[in-house]
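Pasted below: model.cif, mmCIF, N, CA and C atoms; chains and numbers go by the auth columns.
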```
data_structure
#
loop_
_atom_site.group_PDB
_atom_site.id
_atom_site.type_symbol
_atom_site.label_atom_id
_atom_site.label_comp_id
_atom_site.label_asym_id
_atom_site.label_seq_id
_atom_site.Cartn_x
_atom_site.Cartn_y
_atom_site.Cartn_z
_atom_site.B_iso_or_equiv
_atom_site.auth_seq_id
_atom_site.auth_asym_id
ATOM 1 N N MET A 1 0.846 -1.184 0.000 0.00 1 A
ATOM 2 C CA MET A 1 0.000 0.000 0.000 0.00 1 A
ATOM 3 C C MET A 1 0.888 1.242 0.000 0.00 1 A
ATOM 4 N N PRO A 2 0.646 2.171 -0.929 0.00 2 A
ATOM 5 C CA PRO A 2 1.486 3.368 -0.997 0.00 2 A
ATOM 6 C C PRO A 2 1.238 4.288 0.196 0.00 2 A
ATOM 7 N N ASP A 3 2.265 5.046 0.526 0.00 3 A
ATOM 8 C CA ASP A 3 2.148 6.016 1.608 0.00 3 A
ATOM 9 C C ASP A 3 1.271 7.181 1.165 0.00 3 A
ATOM 10 N N TYR A 4 0.460 7.663 2.095 0.00 4 A
ATOM 11 C CA TYR A 4 -0.388 8.818 1.831 0.00 4 A
ATOM 12 C C TYR A 4 0.423 10.079 2.084 0.00 4 A
ATOM 13 N N ASP A 5 0.269 11.066 1.222 0.00 5 A
ATOM 14 C CA ASP A 5 1.019 12.314 1.349 0.00 5 A
ATOM 15 C C ASP A 5 0.218 13.320 2.175 0.00 5 A
ATOM 16 N N PHE A 6 0.335 13.213 3.495 0.00 6 A
ATOM 17 C CA PHE A 6 -0.369 14.119 4.395 0.00 6 A
ATOM 18 C C PHE A 6 0.087 15.561 4.199 0.00 6 A
ATOM 19 N N ALA A 7 1.368 15.750 3.919 0.00 7 A
ATOM 20 C CA ALA A 7 1.905 17.093 3.739 0.00 7 A
ATOM 21 C C ALA A 7 1.265 17.792 2.542 0.00 7 A
ATOM 22 N N ALA A 8 0.986 17.049 1.490 0.00 8 A
ATOM 23 C CA ALA A 8 0.334 17.647 0.323 0.00 8 A
ATOM 24 C C ALA A 8 -1.068 18.123 0.686 0.00 8 A
ATOM 25 N N THR A 9 -1.763 17.355 1.497 0.00 9 A
ATOM 26 C CA THR A 9 -3.097 17.753 1.941 0.00 9 A
ATOM 27 C C THR A 9 -3.033 19.035 2.761 0.00 9 A
ATOM 28 N N VAL A 10 -2.056 19.114 3.646 0.00 10 A
ATOM 29 C CA VAL A 10 -1.901 20.314 4.470 0.00 10 A
ATOM 30 C C VAL A 10 -1.574 21.512 3.586 0.00 10 A
ATOM 31 N N ARG A 11 -0.678 21.337 2.624 0.00 11 A
ATOM 32 C CA ARG A 11 -0.342 22.450 1.721 0.00 11 A
ATOM 33 C C ARG A 11 -1.580 22.932 0.957 0.00 11 A
ATOM 34 N N GLU A 12 -2.399 22.004 0.482 0.00 12 A
ATOM 35 C CA GLU A 12 -3.626 22.382 -0.234 0.00 12 A
ATOM 36 C C GLU A 12 -4.578 23.157 0.677 0.00 12 A
ATOM 37 N N GLU A 13 -4.721 22.695 1.919 0.00 13 A
ATOM 38 C CA GLU A 13 -5.595 23.376 2.873 0.00 13 A
ATOM 39 C C GLU A 13 -5.088 24.783 3.182 0.00 13 A
ATOM 40 N N VAL A 14 -3.786 24.917 3.333 0.00 14 A
ATOM 41 C CA VAL A 14 -3.200 26.233 3.609 0.00 14 A
ATOM 42 C C VAL A 14 -3.486 27.185 2.448 0.00 14 A
ATOM 43 N N GLN A 15 -3.327 26.700 1.230 0.00 15 A
ATOM 44 C CA GLN A 15 -3.591 27.554 0.064 0.00 15 A
ATOM 45 C C GLN A 15 -5.060 27.971 0.008 0.00 15 A
ATOM 46 N N GLN A 16 -5.963 27.025 0.282 0.00 16 A
ATOM 47 C CA GLN A 16 -7.383 27.360 0.265 0.00 16 A
ATOM 48 C C GLN A 16 -7.707 28.352 1.370 0.00 16 A
ATOM 49 N N LEU A 17 -7.159 28.153 2.545 0.00 17 A
ATOM 50 C CA LEU A 17 -7.384 29.073 3.659 0.00 17 A
ATOM 51 C C LEU A 17 -6.871 30.463 3.323 0.00 17 A
ATOM 52 N N ARG A 18 -5.697 30.554 2.734 0.00 18 A
ATOM 53 C CA ARG A 18 -5.137 31.861 2.356 0.00 18 A
ATOM 54 C C ARG A 18 -6.037 32.578 1.361 0.00 18 A
ATOM 55 N N ARG A 19 -6.559 31.824 0.385 0.00 19 A
ATOM 56 C CA ARG A 19 -7.458 32.441 -0.599 0.00 19 A
ATOM 57 C C ARG A 19 -8.708 32.982 0.084 0.00 19 A
ATOM 58 N N GLU A 20 -9.272 32.205 0.993 0.00 20 A
ATOM 59 C CA GLU A 20 -10.504 32.640 1.661 0.00 20 A
ATOM 60 C C GLU A 20 -10.247 33.808 2.608 0.00 20 A
ATOM 61 N N LEU A 21 -9.112 33.815 3.286 0.00 21 A
ATOM 62 C CA LEU A 21 -8.804 34.909 4.204 0.00 21 A
ATOM 63 C C LEU A 21 -8.412 36.187 3.474 0.00 21 A
ATOM 64 N N ALA A 22 -8.139 36.083 2.194 0.00 22 A
ATOM 65 C CA ALA A 22 -7.776 37.268 1.414 0.00 22 A
ATOM 66 C C ALA A 22 -8.976 38.187 1.207 0.00 22 A
ATOM 67 N N THR A 23 -10.170 37.680 1.444 0.00 23 A
ATOM 68 C CA THR A 23 -11.360 38.523 1.307 0.00 23 A
ATOM 69 C C THR A 23 -11.552 39.328 2.586 0.00 23 A
ATOM 70 N N PRO A 24 -11.936 40.586 2.462 0.00 24 A
ATOM 71 C CA PRO A 24 -12.140 41.415 3.655 0.00 24 A
ATOM 72 C C PRO A 24 -13.225 40.855 4.571 0.00 24 A
ATOM 73 N N GLU A 25 -14.235 40.229 3.992 0.00 25 A
ATOM 74 C CA GLU A 25 -15.333 39.691 4.796 0.00 25 A
ATOM 75 C C GLU A 25 -14.856 38.600 5.754 0.00 25 A
ATOM 76 N N ALA A 26 -13.958 37.763 5.288 0.00 26 A
ATOM 77 C CA ALA A 26 -13.493 36.643 6.111 0.00 26 A
ATOM 78 C C ALA A 26 -12.674 37.135 7.295 0.00 26 A
ATOM 79 N N ALA A 27 -11.764 38.039 7.050 0.00 27 A
ATOM 80 C CA ALA A 27 -10.922 38.537 8.138 0.00 27 A
ATOM 81 C C ALA A 27 -11.750 39.249 9.198 0.00 27 A
ATOM 82 N N SER A 28 -12.700 40.078 8.775 0.00 28 A
ATOM 83 C CA SER A 28 -13.529 40.786 9.752 0.00 28 A
ATOM 84 C C SER A 28 -14.470 39.824 10.477 0.00 28 A
ATOM 85 N N ALA A 29 -14.905 38.780 9.793 0.00 29 A
ATOM 86 C CA ALA A 29 -15.780 37.785 10.428 0.00 29 A
ATOM 87 C C ALA A 29 -15.041 37.043 11.534 0.00 29 A
ATOM 88 N N VAL A 30 -13.792 36.709 11.295 0.00 30 A
ATOM 89 C CA VAL A 30 -12.995 36.023 12.313 0.00 30 A
ATOM 90 C C VAL A 30 -12.849 36.927 13.536 0.00 30 A
ATOM 91 N N GLN A 31 -12.555 38.187 13.317 0.00 31 A
ATOM 92 C CA GLN A 31 -12.431 39.131 14.438 0.00 31 A
ATOM 93 C C GLN A 31 -13.746 39.252 15.209 0.00 31 A
ATOM 94 N N ALA A 32 -14.835 39.377 14.495 0.00 32 A
ATOM 95 C CA ALA A 32 -16.141 39.533 15.137 0.00 32 A
ATOM 96 C C ALA A 32 -16.520 38.290 15.939 0.00 32 A
ATOM 97 N N MET A 33 -16.265 37.119 15.387 0.00 33 A
ATOM 98 C CA MET A 33 -16.607 35.887 16.096 0.00 33 A
ATOM 99 C C MET A 33 -15.717 35.678 17.315 0.00 33 A
ATOM 100 N N ALA A 34 -14.464 36.076 17.211 0.00 34 A
ATOM 101 C CA ALA A 34 -13.561 35.969 18.362 0.00 34 A
ATOM 102 C C ALA A 34 -14.073 36.833 19.504 0.00 34 A
ATOM 103 N N GLN A 35 -14.491 38.041 19.179 0.00 35 A
ATOM 104 C CA GLN A 35 -15.029 38.938 20.207 0.00 35 A
ATOM 105 C C GLN A 35 -16.330 38.389 20.771 0.00 35 A
ATOM 106 N N ARG A 36 -17.198 37.930 19.921 0.00 36 A
ATOM 107 C CA ARG A 36 -18.514 37.434 20.355 0.00 36 A
ATOM 108 C C ARG A 36 -18.384 36.245 21.306 0.00 36 A
ATOM 109 N N PHE A 37 -17.464 35.324 20.995 0.00 37 A
ATOM 110 C CA PHE A 37 -17.324 34.112 21.803 0.00 37 A
ATOM 111 C C PHE A 37 -16.242 34.224 22.872 0.00 37 A
ATOM 112 N N GLY A 38 -15.532 35.356 22.905 0.00 38 A
ATOM 113 C CA GLY A 38 -14.502 35.551 23.913 0.00 38 A
ATOM 114 C C GLY A 38 -13.324 34.598 23.774 0.00 38 A
ATOM 115 N N VAL A 39 -12.914 34.374 22.531 0.00 39 A
ATOM 116 C CA VAL A 39 -11.782 33.501 22.256 0.00 39 A
ATOM 117 C C VAL A 39 -10.755 34.255 21.416 0.00 39 A
ATOM 118 N N SER A 40 -9.590 33.661 21.266 0.00 40 A
ATOM 119 C CA SER A 40 -8.574 34.293 20.423 0.00 40 A
ATOM 120 C C SER A 40 -8.995 34.203 18.954 0.00 40 A
ATOM 121 N N GLU A 41 -8.387 35.051 18.132 0.00 41 A
ATOM 122 C CA GLU A 41 -8.698 34.994 16.703 0.00 41 A
ATOM 123 C C GLU A 41 -8.259 33.667 16.099 0.00 41 A
ATOM 124 N N GLY A 42 -7.175 33.101 16.606 0.00 42 A
ATOM 125 C CA GLY A 42 -6.726 31.788 16.122 0.00 42 A
ATOM 126 C C GLY A 42 -7.753 30.708 16.405 0.00 42 A
ATOM 127 N N GLU A 43 -8.316 30.734 17.616 0.00 43 A
ATOM 128 C CA GLU A 43 -9.350 29.758 17.964 0.00 43 A
ATOM 129 C C GLU A 43 -10.602 29.972 17.122 0.00 43 A
ATOM 130 N N ALA A 44 -11.001 31.229 16.957 0.00 44 A
ATOM 131 C CA ALA A 44 -12.185 31.532 16.156 0.00 44 A
ATOM 132 C C ALA A 44 -11.979 31.069 14.719 0.00 44 A
ATOM 133 N N LEU A 45 -10.808 31.311 14.178 0.00 45 A
ATOM 134 C CA LEU A 45 -10.516 30.885 12.806 0.00 45 A
ATOM 135 C C LEU A 45 -10.594 29.372 12.679 0.00 45 A
ATOM 136 N N ALA A 46 -9.996 28.659 13.620 0.00 46 A
ATOM 137 C CA ALA A 46 -10.003 27.197 13.552 0.00 46 A
ATOM 138 C C ALA A 46 -11.431 26.652 13.581 0.00 46 A
ATOM 139 N N VAL A 47 -12.240 27.182 14.480 0.00 47 A
ATOM 140 C CA VAL A 47 -13.611 26.690 14.612 0.00 47 A
ATOM 141 C C VAL A 47 -14.449 27.084 13.404 0.00 47 A
ATOM 142 N N LEU A 48 -14.336 28.330 12.964 0.00 48 A
ATOM 143 C CA LEU A 48 -15.097 28.772 11.793 0.00 48 A
ATOM 144 C C LEU A 48 -14.693 28.008 10.547 0.00 48 A
ATOM 145 N N TRP A 49 -13.410 27.766 10.378 0.00 49 A
ATOM 146 C CA TRP A 49 -12.914 27.029 9.210 0.00 49 A
ATOM 147 C C TRP A 49 -13.501 25.623 9.199 0.00 49 A
ATOM 148 N N ARG A 50 -13.396 24.957 10.341 0.00 50 A
ATOM 149 C CA ARG A 50 -13.885 23.577 10.415 0.00 50 A
ATOM 150 C C ARG A 50 -15.391 23.527 10.197 0.00 50 A
ATOM 151 N N ALA A 51 -16.126 24.403 10.856 0.00 51 A
ATOM 152 C CA ALA A 51 -17.580 24.408 10.716 0.00 51 A
ATOM 153 C C ALA A 51 -17.997 24.757 9.290 0.00 51 A
ATOM 154 N N SER A 52 -17.312 25.702 8.683 0.00 52 A
ATOM 155 C CA SER A 52 -17.674 26.096 7.314 0.00 52 A
ATOM 156 C C SER A 52 -17.463 24.945 6.346 0.00 52 A
ATOM 157 N N LYS A 53 -16.389 24.218 6.519 0.00 53 A
ATOM 158 C CA LYS A 53 -16.123 23.088 5.624 0.00 53 A
ATOM 159 C C LYS A 53 -17.114 21.952 5.879 0.00 53 A
ATOM 160 N N ARG A 54 -17.480 21.748 7.143 0.00 54 A
ATOM 161 C CA ARG A 54 -18.451 20.709 7.472 0.00 54 A
ATOM 162 C C ARG A 54 -19.787 21.003 6.796 0.00 54 A
ATOM 163 N N HIS A 55 -20.116 22.290 6.667 0.00 55 A
ATOM 164 C CA HIS A 55 -21.372 22.693 6.042 0.00 55 A
ATOM 165 C C HIS A 55 -21.220 22.969 4.545 0.00 55 A
ATOM 166 N N GLY A 56 -20.028 22.771 4.021 0.00 56 A
ATOM 167 C CA GLY A 56 -19.801 22.938 2.588 0.00 56 A
ATOM 168 C C GLY A 56 -19.826 24.378 2.122 0.00 56 A
ATOM 169 N N GLU A 57 -19.445 25.293 2.995 0.00 57 A
ATOM 170 C CA GLU A 57 -19.478 26.718 2.676 0.00 57 A
ATOM 171 C C GLU A 57 -18.080 27.318 2.726 0.00 57 A
ATOM 172 N N ALA A 58 -17.911 28.410 2.024 0.00 58 A
ATOM 173 C CA ALA A 58 -16.702 29.212 2.180 0.00 58 A
ATOM 174 C C ALA A 58 -16.767 29.874 3.545 0.00 58 A
ATOM 175 N N LEU A 59 -15.627 30.209 4.086 0.00 59 A
ATOM 176 C CA LEU A 59 -15.547 30.802 5.417 0.00 59 A
ATOM 177 C C LEU A 59 -16.415 32.058 5.534 0.00 59 A
ATOM 178 N N ALA A 60 -16.315 32.960 4.576 0.00 60 A
ATOM 179 C CA ALA A 60 -17.083 34.209 4.624 0.00 60 A
ATOM 180 C C ALA A 60 -18.583 33.948 4.522 0.00 60 A
ATOM 181 N N VAL A 61 -18.972 32.988 3.705 0.00 61 A
ATOM 182 C CA VAL A 61 -20.398 32.662 3.554 0.00 61 A
ATOM 183 C C VAL A 61 -20.932 32.086 4.857 0.00 61 A
ATOM 184 N N PHE A 62 -20.195 31.149 5.449 0.00 62 A
ATOM 185 C CA PHE A 62 -20.627 30.555 6.708 0.00 62 A
ATOM 186 C C PHE A 62 -20.730 31.612 7.804 0.00 62 A
ATOM 187 N N ALA A 63 -19.736 32.481 7.883 0.00 63 A
ATOM 188 C CA ALA A 63 -19.742 33.536 8.901 0.00 63 A
ATOM 189 C C ALA A 63 -20.922 34.471 8.692 0.00 63 A
ATOM 190 N N SER A 64 -21.259 34.764 7.458 0.00 64 A
ATOM 191 C CA SER A 64 -22.409 35.617 7.161 0.00 64 A
ATOM 192 C C SER A 64 -23.704 34.945 7.608 0.00 64 A
ATOM 193 N N GLU A 65 -23.824 33.647 7.357 0.00 65 A
ATOM 194 C CA GLU A 65 -25.012 32.919 7.791 0.00 65 A
ATOM 195 C C GLU A 65 -25.092 32.869 9.316 0.00 65 A
ATOM 196 N N LEU A 66 -23.953 32.700 9.968 0.00 66 A
ATOM 197 C CA LEU A 66 -23.903 32.692 11.423 0.00 66 A
ATOM 198 C C LEU A 66 -24.312 34.057 11.973 0.00 66 A
ATOM 199 N N GLN A 67 -23.822 35.125 11.371 0.00 67 A
ATOM 200 C CA GLN A 67 -24.196 36.476 11.787 0.00 67 A
ATOM 201 C C GLN A 67 -25.691 36.697 11.605 0.00 67 A
ATOM 202 N N GLY A 68 -26.233 36.199 10.510 0.00 68 A
ATOM 203 C CA GLY A 68 -27.674 36.290 10.287 0.00 68 A
ATOM 204 C C GLY A 68 -28.461 35.579 11.374 0.00 68 A
ATOM 205 N N GLN A 69 -27.960 34.426 11.805 0.00 69 A
ATOM 206 C CA GLN A 69 -28.608 33.692 12.890 0.00 69 A
ATOM 207 C C GLN A 69 -28.606 34.524 14.168 0.00 69 A
ATOM 208 N N PHE A 70 -27.468 35.132 14.484 0.00 70 A
ATOM 209 C CA PHE A 70 -27.380 35.973 15.684 0.00 70 A
ATOM 210 C C PHE A 70 -28.367 37.121 15.615 0.00 70 A
ATOM 211 N N GLU A 71 -28.491 37.738 14.436 0.00 71 A
ATOM 212 C CA GLU A 71 -29.406 38.868 14.273 0.00 71 A
ATOM 213 C C GLU A 71 -30.855 38.430 14.434 0.00 71 A
ATOM 214 N N ARG A 72 -31.198 37.257 13.880 0.00 72 A
ATOM 215 C CA ARG A 72 -32.565 36.740 14.036 0.00 72 A
ATOM 216 C C ARG A 72 -32.866 36.441 15.500 0.00 72 A
ATOM 217 N N GLU A 73 -31.907 35.827 16.188 0.00 73 A
ATOM 218 C CA GLU A 73 -32.099 35.511 17.607 0.00 73 A
ATOM 219 C C GLU A 73 -32.269 36.788 18.434 0.00 73 A
ATOM 220 N N ALA A 74 -31.472 37.801 18.118 0.00 74 A
ATOM 221 C CA ALA A 74 -31.582 39.069 18.840 0.00 74 A
ATOM 222 C C ALA A 74 -32.938 39.719 18.579 0.00 74 A
ATOM 223 N N ALA A 75 -33.407 39.657 17.341 0.00 75 A
ATOM 224 C CA ALA A 75 -34.706 40.238 17.007 0.00 75 A
ATOM 225 C C ALA A 75 -35.827 39.491 17.722 0.00 75 A
ATOM 226 N N GLU A 76 -35.725 38.157 17.789 0.00 76 A
ATOM 227 C CA GLU A 76 -36.740 37.357 18.472 0.00 76 A
ATOM 228 C C GLU A 76 -36.724 37.656 19.968 0.00 76 A
ATOM 229 N N THR A 77 -35.543 37.769 20.541 0.00 77 A
ATOM 230 C CA THR A 77 -35.421 38.076 21.960 0.00 77 A
ATOM 231 C C THR A 77 -35.976 39.463 22.248 0.00 77 A
ATOM 232 N N GLY A 78 -35.674 40.413 21.387 0.00 78 A
ATOM 233 C CA GLY A 78 -36.189 41.771 21.552 0.00 78 A
ATOM 234 C C GLY A 78 -37.692 41.813 21.400 0.00 78 A
ATOM 235 N N ALA A 79 -38.221 41.083 20.427 0.00 79 A
ATOM 236 C CA ALA A 79 -39.679 41.046 20.221 0.00 79 A
ATOM 237 C C ALA A 79 -40.347 40.346 21.379 0.00 79 A
ATOM 238 N N GLY A 80 -39.737 39.282 21.873 0.00 80 A
ATOM 239 C CA GLY A 80 -40.311 38.564 23.011 0.00 80 A
ATOM 240 C C GLY A 80 -40.305 39.405 24.255 0.00 80 A
ATOM 241 N N ALA A 81 -39.250 40.150 24.453 0.00 81 A
ATOM 242 C CA ALA A 81 -39.163 41.018 25.637 0.00 81 A
ATOM 243 C C ALA A 81 -40.191 42.134 25.547 0.00 81 A
ATOM 244 N N ALA A 82 -40.356 42.679 24.330 0.00 82 A
ATOM 245 C CA ALA A 82 -41.325 43.757 24.161 0.00 82 A
ATOM 246 C C ALA A 82 -42.740 43.218 24.349 0.00 82 A
ATOM 247 N N THR A 83 -43.007 42.028 23.846 0.00 83 A
ATOM 248 C CA THR A 83 -44.320 41.420 23.982 0.00 83 A
ATOM 249 C C THR A 83 -44.602 41.110 25.460 0.00 83 A
ATOM 250 N N GLY A 84 -43.601 40.560 26.126 0.00 84 A
ATOM 251 C CA GLY A 84 -43.769 40.221 27.544 0.00 84 A
ATOM 252 C C GLY A 84 -43.994 41.442 28.406 0.00 84 A
ATOM 253 N N ALA A 85 -43.437 42.570 28.024 0.00 85 A
ATOM 254 C CA ALA A 85 -43.566 43.792 28.818 0.00 85 A
ATOM 255 C C ALA A 85 -44.953 44.398 28.703 0.00 85 A
ATOM 256 N N THR A 86 -45.708 44.070 27.663 0.00 86 A
ATOM 257 C CA THR A 86 -47.035 44.667 27.470 0.00 86 A
ATOM 258 C C THR A 86 -48.119 43.876 28.155 0.00 86 A
ATOM 259 N N HIS A 87 -47.819 42.702 28.668 0.00 87 A
ATOM 260 C CA HIS A 87 -48.851 41.863 29.303 0.00 87 A
ATOM 261 C C HIS A 87 -48.974 42.189 30.751 0.00 87 A
#
```

Rewrite the structure of this file - the entire thing - as structure tokens.
Amino acid sequence: MPDYDFAATVREEVQQLRRELATPEAASAVQAMAQRFGVSEGEALAVLWRASKRHGEALAVFASELQGQFEREAAETGAGAATGATH
């Protein structure tokens, strides 16, 4: 059985990550998620990268969808609080 070239896989992943981080949206998303979750930017990048690939999305697309989720949750919480205050 031939040896698997793990290093080639890592090099390919690094190149893909560099391409995705070259977009302004991706870099700012990593910063925003690090602040939101109270983790380092390295940790936020690792988690966002893994989650985005698991969902078949580019890093910036996944981060945008995640931000949309946060906004929907905040709107629901705000609407629920406003509704609860009127009763």

| field | Point-to-point distance from atom CA of A:Ala26 to atom N of A:Val61, Å rounded to tenths | value |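 That distance, rounded to one decimal, is 7.0 Å.
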
| said: I'd like the interatomic distance between atom CA of A:Phe70 and atom CA of A:Gln15, to a tenth of an Å. | reply: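 Spanning atom CA of A:Phe70 to atom CA of A:Gln15 is a straight-line distance of 29.7 Å.
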
| said: Rounded to one decimal, what separation in Å do you get between atom N of A:Glu12 and atom N of A:Phe37? | reply: 28.7 Å

| task | Convert the output of the PyMOL selection byres (((chain A and resi 32 and name CA) around 12) and name CA) on the shown file into explicit residues, formatted as a PyMOL selection string. | result | chain A and resi 25-31+33-41+44-45+48+60+63-64+66-67+70

Write stretch 28-41 of chain A as a compact mmCIF listing (two decimals), in the coordinates of the input, completed to N, CA, C and O atoms.
```
# COMPACT_ATOMS: atom_id res chain seq x y z
N SER A 28 -12.70 40.08 8.78
CA SER A 28 -13.53 40.79 9.75
C SER A 28 -14.47 39.82 10.48
O SER A 28 -14.77 40.02 11.65
N ALA A 29 -14.90 38.78 9.79
CA ALA A 29 -15.78 37.78 10.43
C ALA A 29 -15.04 37.04 11.53
O ALA A 29 -15.60 36.79 12.60
N VAL A 30 -13.79 36.71 11.30
CA VAL A 30 -13.00 36.02 12.31
C VAL A 30 -12.85 36.93 13.54
O VAL A 30 -13.03 36.48 14.68
N GLN A 31 -12.56 38.19 13.32
CA GLN A 31 -12.43 39.13 14.44
C GLN A 31 -13.75 39.25 15.21
O GLN A 31 -13.76 39.23 16.44
N ALA A 32 -14.84 39.38 14.50
CA ALA A 32 -16.14 39.53 15.14
C ALA A 32 -16.52 38.29 15.94
O ALA A 32 -17.03 38.40 17.06
N MET A 33 -16.26 37.12 15.39
CA MET A 33 -16.61 35.89 16.10
C MET A 33 -15.72 35.68 17.32
O MET A 33 -16.17 35.19 18.35
N ALA A 34 -14.46 36.08 17.21
CA ALA A 34 -13.56 35.97 18.36
C ALA A 34 -14.07 36.83 19.50
O ALA A 34 -14.12 36.39 20.66
N GLN A 35 -14.49 38.04 19.18
CA GLN A 35 -15.03 38.94 20.21
C GLN A 35 -16.33 38.39 20.77
O GLN A 35 -16.54 38.38 21.98
N ARG A 36 -17.20 37.93 19.92
CA ARG A 36 -18.51 37.43 20.36
C ARG A 36 -18.38 36.24 21.31
O ARG A 36 -19.11 36.15 22.29
N PHE A 37 -17.46 35.32 21.00
CA PHE A 37 -17.32 34.11 21.80
C PHE A 37 -16.24 34.22 22.87
O PHE A 37 -16.05 33.30 23.65
N GLY A 38 -15.53 35.36 22.90
CA GLY A 38 -14.50 35.55 23.91
C GLY A 38 -13.32 34.60 23.77
O GLY A 38 -12.81 34.09 24.77
N VAL A 39 -12.91 34.37 22.53
CA VAL A 39 -11.78 33.50 22.26
C VAL A 39 -10.76 34.26 21.42
O VAL A 39 -11.04 35.34 20.91
N SER A 40 -9.59 33.66 21.27
CA SER A 40 -8.57 34.29 20.42
C SER A 40 -8.99 34.20 18.95
O SER A 40 -9.85 33.38 18.59
N GLU A 41 -8.39 35.05 18.13
CA GLU A 41 -8.70 34.99 16.70
C GLU A 41 -8.26 33.67 16.10
O GLU A 41 -8.92 33.15 15.20
```
